[in-house]
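Enquirer: Handing you a structure now.
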Amino acid sequence: MATKPEVVEERGTWRVKKGLAEMLKGGVIMDVTTPEQARIAEEAGACAVMALERVPADIRAAGGVARMADPAVVVRIMEAVTIPVMAKCRIGHFVEAQVLEALGVDYIDESEVLTPADDQFHIDKHRFTVPFVCGARDLGEALRRIAEGAAMIRTKGEPGTGNVVEAVRHLRRMNEEIRRVVQAPDEELVRIAKEMGAPVELLRETKRLGRLPVVNFSAGGIATPADAALMMQLGADGVFVGSGVFKSANPAAYARAIVRATTHFDDPDVIAEVSRDLGQAMPGLEMATLAPKDRMQDRSE
Amino acid sequence: MRAGVLDIQGDVAEHARALGEAGAEVVRVKRPRDLEGLQGLVIPGGESTTIGLLMEEYGLMEAVRRRVAEGMAVFGTCAGAILLATDIVGSDQPRLGLLDMRVRRNAYGRQRESFEEEIAVAGIEGPPVRGVFIRAPVIESVGPGVEVLARHRGAIALVRKGRILAGTFHPELTGDRRLHAHFLALAAGGDAAG
């Protein structure tokens with residue numbers, strides 16, 4: 001039977017999901033809680049915003065169960081800016097994700113910053129049209145999330161601390177493990193897959209590409225322009241700044257400076273210039289003062 | 001042939017790879033001085049507000065306009081096309097304004113409405129081009145002398161005037177290098193009529 005070639009417009013393909021993350025590269029994604037903050041971020045040059053009810057530092061301070069933001073907050077932020085808007089759902093809470101998709105957010109962050117809803121399983125992200133970003137501390141964790149359908153990864157760091165040390169640790173570990181995979185002969189990949197708990201097919205792809213198969217931003221503790229440039233020089237594709245902007249003394253100035261330092265991350269003269277007279281950065285937390293239960297990065301693996 | 005990719009924000013690496021595979025020596029452009037000696041410049045996909053703001057601050061708007069006046073070719077994709085337009089509906093964001101056309105940002109909707117579909121491109125031989133549209137703009141109208149090379153279901157998706165090419169989709173996200181090769185031929189001056 002002869003069939004007419006059908007014109008098909010395909011939505012939610014892997015290329016389209018991963019593609020939006022490619023468009024965000026070299027940029028800064030800022031946590032915002034109000035339309036006013038979203039506009040400050042956009043005017044400063046943020047490439048996207050993350051719509052939240054509270055920034056991580058305040059979630060940390062408040063304690064209790066942290067959930068998806070009120071849809072009204074998310075929608076107001078979506079209406080305030082033209083750049084992409086992301087929003088967070090709890091790990092494993094696929095209904096929160098369904099709600100965020102229904103609202104029309106551009107990316108969903110299945111995030112350890114919120115209290116996990118499932119202590120064993122993440123969301124089957126392949127089922128959604130909207131793309132997901134997930135946190136990871138090492139290559140195995142990143143590839144498990146990609147296997148579940150994450151189209152973008154962010155190294156976790158430790159959110160809401162203003163301390164970049166965990167962000168550095170996670171990105172360095174990821175880089176080190178990628179180097180190991182690239183140098184490993186093919187016959188060793190199955191064993192490495194077993195050790196890392198990662199699908200061997202994705203390890204093969206990592207080896208072939210010499211990098212993570214999706215865009216990888218750095219997150220969790222970036223508080224200054226120099227912090228952002230540090231993560232870029234270490235190889236991040238871009239940065240998430242959570243509490244670092246709106247917990248600083250001068251959010252608009254910090255936002256502008258961090259965007260410029262991210263673009264010109266390899267130019268110390270620019271970083272020096274934009275870092276002048278910014279006022280107080282967000283207050284930082286020493287990692288040793290965090291009790292194990294307060295370490296958000298350990299909430300998922 | 002030396003061709004550059006504007007390296008402010010966006011999918012710079014994908015364009016750099018595409019230009020390299022199409023035969024160019026590729027330069028990343030962060031500062032006006034990086035434009036010297038380039039025959040073509042790609043303005044990639046990304047966020048047009050971010051790219052425009054930083055281009056203006058670091059002197060790249062004027063520098064790119066000057067080099068284009070001197071004959072440098074430009075290819076803008078998605079955000080890059082928006083930055084080339086004279087008229088951006090409802091926005092006063094910084095722009096190059098080198099192509100007489102009216103664009104509407106995010107015209108198809110939000111990310112969940114992003115899609116891919118084959119489109120026919122005038123002047124490109126062989127099978128249709130895979131059009132990848134991500135939060136894509138639409139070119140609503142073009143001025144005199146601007147040639148429409150492709151449409152997606154009626155909406156203008158690729159245009160050209162002289163050595164300036166602008167598309168609302170992302171050829172750099174596919175393995176098909178025909179459009180980048182087409183642009184390099186334009187930049188080399190092989191087909192600069194119109």
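Quick note on naming: the chains in the structure tokens go A, B, ... in the order shown, residues restart at 1 in each chain, and ligands are numbered from 1 in order of appearance.
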Between chain B and chain A, at 10 Å or less, what are the per-residue closest atom pairs and their distances in Å? Count only C-alpha atoms, order by chain and rising residue number, and return it as JSON lines.
Expert:
{"residue": "B:Asp7", "atom": "CA", "partner": "A:Thr263", "partner_atom": "CA", "distance": 8.1}
{"residue": "B:Ile8", "atom": "CA", "partner": "A:Thr263", "partner_atom": "CA", "distance": 5.8}
{"residue": "B:Gln9", "atom": "CA", "partner": "A:Gly26", "partner_atom": "CA", "distance": 4.7}
{"residue": "B:Gly10", "atom": "CA", "partner": "A:Met23", "partner_atom": "CA", "distance": 4.4}
{"residue": "B:Asp11", "atom": "CA", "partner": "A:Met23", "partner_atom": "CA", "distance": 5.1}
{"residue": "B:Val12", "atom": "CA", "partner": "A:Lys25", "partner_atom": "CA", "distance": 8.2}
{"residue": "B:Ala13", "atom": "CA", "partner": "A:Glu22", "partner_atom": "CA", "distance": 9.0}
{"residue": "B:Glu14", "atom": "CA", "partner": "A:Glu22", "partner_atom": "CA", "distance": 8.5}
{"residue": "B:Lys30", "atom": "CA", "partner": "A:His264", "partner_atom": "CA", "distance": 7.9}
{"residue": "B:Arg31", "atom": "CA", "partner": "A:His264", "partner_atom": "CA", "distance": 9.8}
{"residue": "B:Pro44", "atom": "CA", "partner": "A:Met23", "partner_atom": "CA", "distance": 8.4}
{"residue": "B:Gly45", "atom": "CA", "partner": "A:Met23", "partner_atom": "CA", "distance": 5.7}
{"residue": "B:Gly46", "atom": "CA", "partner": "A:Met23", "partner_atom": "CA", "distance": 4.2}
{"residue": "B:Glu47", "atom": "CA", "partner": "A:Cys47", "partner_atom": "CA", "distance": 5.7}
{"residue": "B:Ser48", "atom": "CA", "partner": "A:Cys47", "partner_atom": "CA", "distance": 8.8}
{"residue": "B:Thr49", "atom": "CA", "partner": "A:Gly45", "partner_atom": "CA", "distance": 6.6}
{"residue": "B:Thr50", "atom": "CA", "partner": "A:Gly45", "partner_atom": "CA", "distance": 4.4}
{"residue": "B:Ile51", "atom": "CA", "partner": "A:Gly45", "partner_atom": "CA", "distance": 7.8}
{"residue": "B:Gly52", "atom": "CA", "partner": "A:Gly45", "partner_atom": "CA", "distance": 8.9}
{"residue": "B:Leu53", "atom": "CA", "partner": "A:Gly45", "partner_atom": "CA", "distance": 6.8}
{"residue": "B:Leu54", "atom": "CA", "partner": "A:Gly45", "partner_atom": "CA", "distance": 7.7}
{"residue": "B:Glu57", "atom": "CA", "partner": "A:Arg260", "partner_atom": "CA", "distance": 9.8}
{"residue": "B:Cys78", "atom": "CA", "partner": "A:Met23", "partner_atom": "CA", "distance": 9.7}
{"residue": "B:Ala79", "atom": "CA", "partner": "A:Met23", "partner_atom": "CA", "distance": 9.1}
{"residue": "B:Ser91", "atom": "CA", "partner": "A:Thr82", "partner_atom": "CA", "distance": 9.9}
{"residue": "B:Gln93", "atom": "CA", "partner": "A:Glu43", "partner_atom": "CA", "distance": 9.8}
{"residue": "B:Arg105", "atom": "CA", "partner": "A:Thr82", "partner_atom": "CA", "distance": 8.3}
{"residue": "B:Asn106", "atom": "CA", "partner": "A:Thr82", "partner_atom": "CA", "distance": 8.1}
{"residue": "B:Gly109", "atom": "CA", "partner": "A:Gly104", "partner_atom": "CA", "distance": 9.0}
{"residue": "B:Arg110", "atom": "CA", "partner": "A:Asp106", "partner_atom": "CA", "distance": 6.3}
{"residue": "B:Gln111", "atom": "CA", "partner": "A:Asp106", "partner_atom": "CA", "distance": 4.8}
{"residue": "B:Arg112", "atom": "CA", "partner": "A:Val130", "partner_atom": "CA", "distance": 5.2}
{"residue": "B:Glu113", "atom": "CA", "partner": "A:Arg11", "partner_atom": "CA", "distance": 6.5}
{"residue": "B:Ser114", "atom": "CA", "partner": "A:Arg11", "partner_atom": "CA", "distance": 5.9}
{"residue": "B:Phe115", "atom": "CA", "partner": "A:Arg11", "partner_atom": "CA", "distance": 4.3}
{"residue": "B:Glu116", "atom": "CA", "partner": "A:Glu10", "partner_atom": "CA", "distance": 5.3}
{"residue": "B:Glu117", "atom": "CA", "partner": "A:Glu9", "partner_atom": "CA", "distance": 5.0}
{"residue": "B:Glu118", "atom": "CA", "partner": "A:Val7", "partner_atom": "CA", "distance": 7.8}
{"residue": "B:Ile119", "atom": "CA", "partner": "A:Val7", "partner_atom": "CA", "distance": 9.7}
{"residue": "B:Gly131", "atom": "CA", "partner": "A:Glu9", "partner_atom": "CA", "distance": 9.8}
{"residue": "B:Val132", "atom": "CA", "partner": "A:Val16", "partner_atom": "CA", "distance": 7.0}
{"residue": "B:Phe133", "atom": "CA", "partner": "A:Val16", "partner_atom": "CA", "distance": 7.6}
{"residue": "B:Ile134", "atom": "CA", "partner": "A:Leu20", "partner_atom": "CA", "distance": 6.4}
{"residue": "B:Arg135", "atom": "CA", "partner": "A:Leu20", "partner_atom": "CA", "distance": 8.1}
{"residue": "B:His170", "atom": "CA", "partner": "A:Gly19", "partner_atom": "CA", "distance": 8.9}
{"residue": "B:Leu173", "atom": "CA", "partner": "A:Gly19", "partner_atom": "CA", "distance": 7.2}
{"residue": "B:Thr174", "atom": "CA", "partner": "A:Arg15", "partner_atom": "CA", "distance": 8.6}
Enquirer: Write out as a PDB file with C-alpha atoms, in the first residue's frame which residues come within 6 Å of Pro56 (chain A) when counting only C-alpha atoms, dropping same-chain ones fewer than 4 positions away.
Expert:
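Written output follows (out.pdb):
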ATOM      1  CA  ARG A  60      18.558  25.586  54.874  1.00  0.00           C
ATOM      2  CA  PRO A 159      23.759  24.582  48.027  1.00  0.00           C
ATOM      3  CA  GLY A 160      23.115  27.608  50.212  1.00  0.00           C
TER       4      GLY A 160
END
Enquirer: So that I can see what lies close to Glu201 (chain A), please list as a short mmCIF file (atom, residue, chain, number, x, y, z; two decimals) with N, CA and C atoms, in the first residue's frame the residues with an atom at most 10 Å from it, counting only C-alpha atoms and leaving out residues fewer than 6 positions away in the same chain.
Expert:
data_model
loop_
_atom_site.label_atom_id
_atom_site.label_comp_id
_atom_site.auth_asym_id
_atom_site.auth_seq_id
_atom_site.Cartn_x
_atom_site.Cartn_y
_atom_site.Cartn_z
N LEU A 143 25.83 9.82 34.94
CA LEU A 143 25.37 8.91 33.88
C LEU A 143 24.10 8.17 34.29
N ALA A 147 20.79 8.34 32.13
CA ALA A 147 20.06 7.12 31.76
C ALA A 147 18.57 7.25 32.07
N LEU A 189 35.96 -1.17 30.15
CA LEU A 189 34.80 -0.30 30.39
C LEU A 189 33.68 -0.99 31.18
N VAL A 190 33.49 -2.29 30.95
CA VAL A 190 32.42 -2.98 31.67
C VAL A 190 32.72 -2.99 33.17
N ALA A 193 32.15 0.40 34.49
CA ALA A 193 30.70 0.62 34.60
C ALA A 193 30.17 0.01 35.89
N LYS A 207 33.55 8.17 26.58
CA LYS A 207 34.91 7.94 26.08
C LYS A 207 35.08 8.50 24.67
#
Enquirer: Please give the complete set of residues from region 63-172 of chain B that DSSP, run on the backbone, assigns to helix (DSSP H, G or I), formatted as a list in words.
Expert: Ala63, Val64, Arg65, Arg66, Arg67, Val68, Ala69, Ala79, Gly80, Ala81, Ile82, Leu83, Leu84, Gln111, Arg112, Glu113, Pro171 and Glu172 of chain B
Enquirer: Which residues are near region 272-281 of chain A? Cut-off 8 Å, only C-alpha atoms, ignore same chain within fewer than 2 positions. Put them as a list in words.
Expert: Ala223, Thr224, Pro225, Ala226, Gly244, Lys247, Ser248, Ala249, Asn250, Ala253, Tyr254, Ala257, Arg260, Ala261, Pro268, Asp269, Val270 and Pro283 of chain A
Enquirer: Could you please determine the separation between CA of Val121 (chain B) and CA of Arg151 (chain B) in Å, to one decimal place?
Expert: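 About the pair CA of Val121 (chain B) and CA of Arg151 (chain B): they are 7.9 Å apart.
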Enquirer: Just the residues within 12 Å of Ala69 (chain B), please, counting only C-alpha atoms, with nothing from its chain fewer than 6 positions along; format it as a list in words.
Expert: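 Neighbouring residues, sequence-local ones excluded: Gln39, Glu62, Ala63, Leu98, Gly162, Arg163 and Ile164 of chain B.
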Enquirer: Would you export the selected residues with N, CA, C and O atoms as a PDB file, in the first residue's frame, please?
Expert:
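The resulting file, result_12.pdb, is reproduced below:
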ATOM      1  N   GLN B  39      36.696  36.401   7.408  1.00  0.00           N
ATOM      2  CA  GLN B  39      35.830  36.594   6.232  1.00  0.00           C
ATOM      3  C   GLN B  39      34.373  36.342   6.565  1.00  0.00           C
ATOM      4  O   GLN B  39      33.476  36.798   5.872  1.00  0.00           O
ATOM      5  N   GLU B  62      29.590  47.805  17.516  1.00  0.00           N
ATOM      6  CA  GLU B  62      30.206  48.708  16.540  1.00  0.00           C
ATOM      7  C   GLU B  62      31.233  47.980  15.683  1.00  0.00           C
ATOM      8  O   GLU B  62      31.294  48.154  14.469  1.00  0.00           O
ATOM      9  N   ALA B  63      32.030  47.141  16.327  1.00  0.00           N
ATOM     10  CA  ALA B  63      33.104  46.447  15.609  1.00  0.00           C
ATOM     11  C   ALA B  63      32.535  45.501  14.553  1.00  0.00           C
ATOM     12  O   ALA B  63      33.042  45.442  13.436  1.00  0.00           O
ATOM     13  N   LEU B  98      21.254  44.745  11.304  1.00  0.00           N
ATOM     14  CA  LEU B  98      21.849  44.740   9.963  1.00  0.00           C
ATOM     15  C   LEU B  98      20.913  44.205   8.884  1.00  0.00           C
ATOM     16  O   LEU B  98      21.204  44.309   7.701  1.00  0.00           O
ATOM     17  N   GLY B 162      22.585  39.807   0.525  1.00  0.00           N
ATOM     18  CA  GLY B 162      24.026  39.908   0.288  1.00  0.00           C
ATOM     19  C   GLY B 162      24.766  38.827   1.049  1.00  0.00           C
ATOM     20  O   GLY B 162      24.483  37.646   0.893  1.00  0.00           O
ATOM     21  N   ARG B 163      25.692  39.230   1.892  1.00  0.00           N
ATOM     22  CA  ARG B 163      26.470  38.246   2.654  1.00  0.00           C
ATOM     23  C   ARG B 163      25.937  38.040   4.064  1.00  0.00           C
ATOM     24  O   ARG B 163      26.671  37.575   4.941  1.00  0.00           O
ATOM     25  N   ILE B 164      24.699  38.441   4.302  1.00  0.00           N
ATOM     26  CA  ILE B 164      24.117  38.253   5.635  1.00  0.00           C
ATOM     27  C   ILE B 164      23.025  37.184   5.551  1.00  0.00           C
ATOM     28  O   ILE B 164      22.111  37.259   4.728  1.00  0.00           O
TER      29      ILE B 164
END
Enquirer: So which residues touch region 20-26 of chain B within 12 Å, counting only C-alpha atoms, skipping near sequence neighbours fewer than 6 positions away, as a count of residues only?
Expert: 32
Enquirer: With distances taken over only C-alpha atoms, which residue among A:Val182, A:Met296, A:Leu52, A:Ile123 lies nearest Glu166 (chain A)?
Expert: A:Met296
Enquirer: Write out as a PyMOL selection string which residues come within 7 Å of Ala69 (chain A) when counting only C-alpha atoms, dropping same-chain ones fewer than 3 positions away.
Expert: chain A and resi 52-53+73-74
Enquirer: Now that the selection is made, can you save its residues with C-alpha atoms as an mmCIF file, in the first residue's frame?
Expert:
data_model
loop_
_atom_site.group_PDB
_atom_site.id
_atom_site.type_symbol
_atom_site.label_atom_id
_atom_site.label_comp_id
_atom_site.auth_asym_id
_atom_site.auth_seq_id
_atom_site.Cartn_x
_atom_site.Cartn_y
_atom_site.Cartn_z
ATOM 1 C CA LEU A 52 11.759 29.316 43.710
ATOM 2 C CA GLU A 53 9.814 30.236 46.815
ATOM 3 C CA VAL A 73 5.044 32.189 42.088
ATOM 4 C CA VAL A 74 6.346 30.251 39.093
#
Enquirer: Taking the DSSP secondary structure from the backbone, can you list the residues of region 123-157 of chain B that are strand (DSSP E or B), as a VMD selection string?
Expert: chain B and resid 129 to 133 138 to 142 147 to 152 155 to 157
Enquirer: Closest to Tyr108 (chain B) among B:Gly143, B:Pro127, B:Pro137, B:Gly71, using only C-alpha atoms?
Expert: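 The answer is B:Pro137, which sits nearest to Tyr108 (chain B).
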Enquirer: One decimal, in Å: what's the spacing between CA of Arg144 (chain A) and CA of His122 (chain A)?
Expert: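 Pair CA of Arg144 (chain A) / CA of His122 (chain A) returns 9.7 Å.
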Enquirer: What does the distance from CA of Val89 (chain B) to CA of Ala166 (chain B) come to in Å, to one decimal?
Expert: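 CA of Ala166 (chain B) lies at a distance of 16.7 Å from CA of Val89 (chain B).
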Enquirer: I'd like to know which of B:Met72, B:Ala136, B:Leu165, B:Ala122 is closest to Leu149 (chain B), using only C-alpha atoms.
Expert: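 Checking each of B:Met72, B:Ala136, B:Leu165, B:Ala122 against Leu149 (chain B), counting only C-alpha atoms, the winner is B:Ala122.
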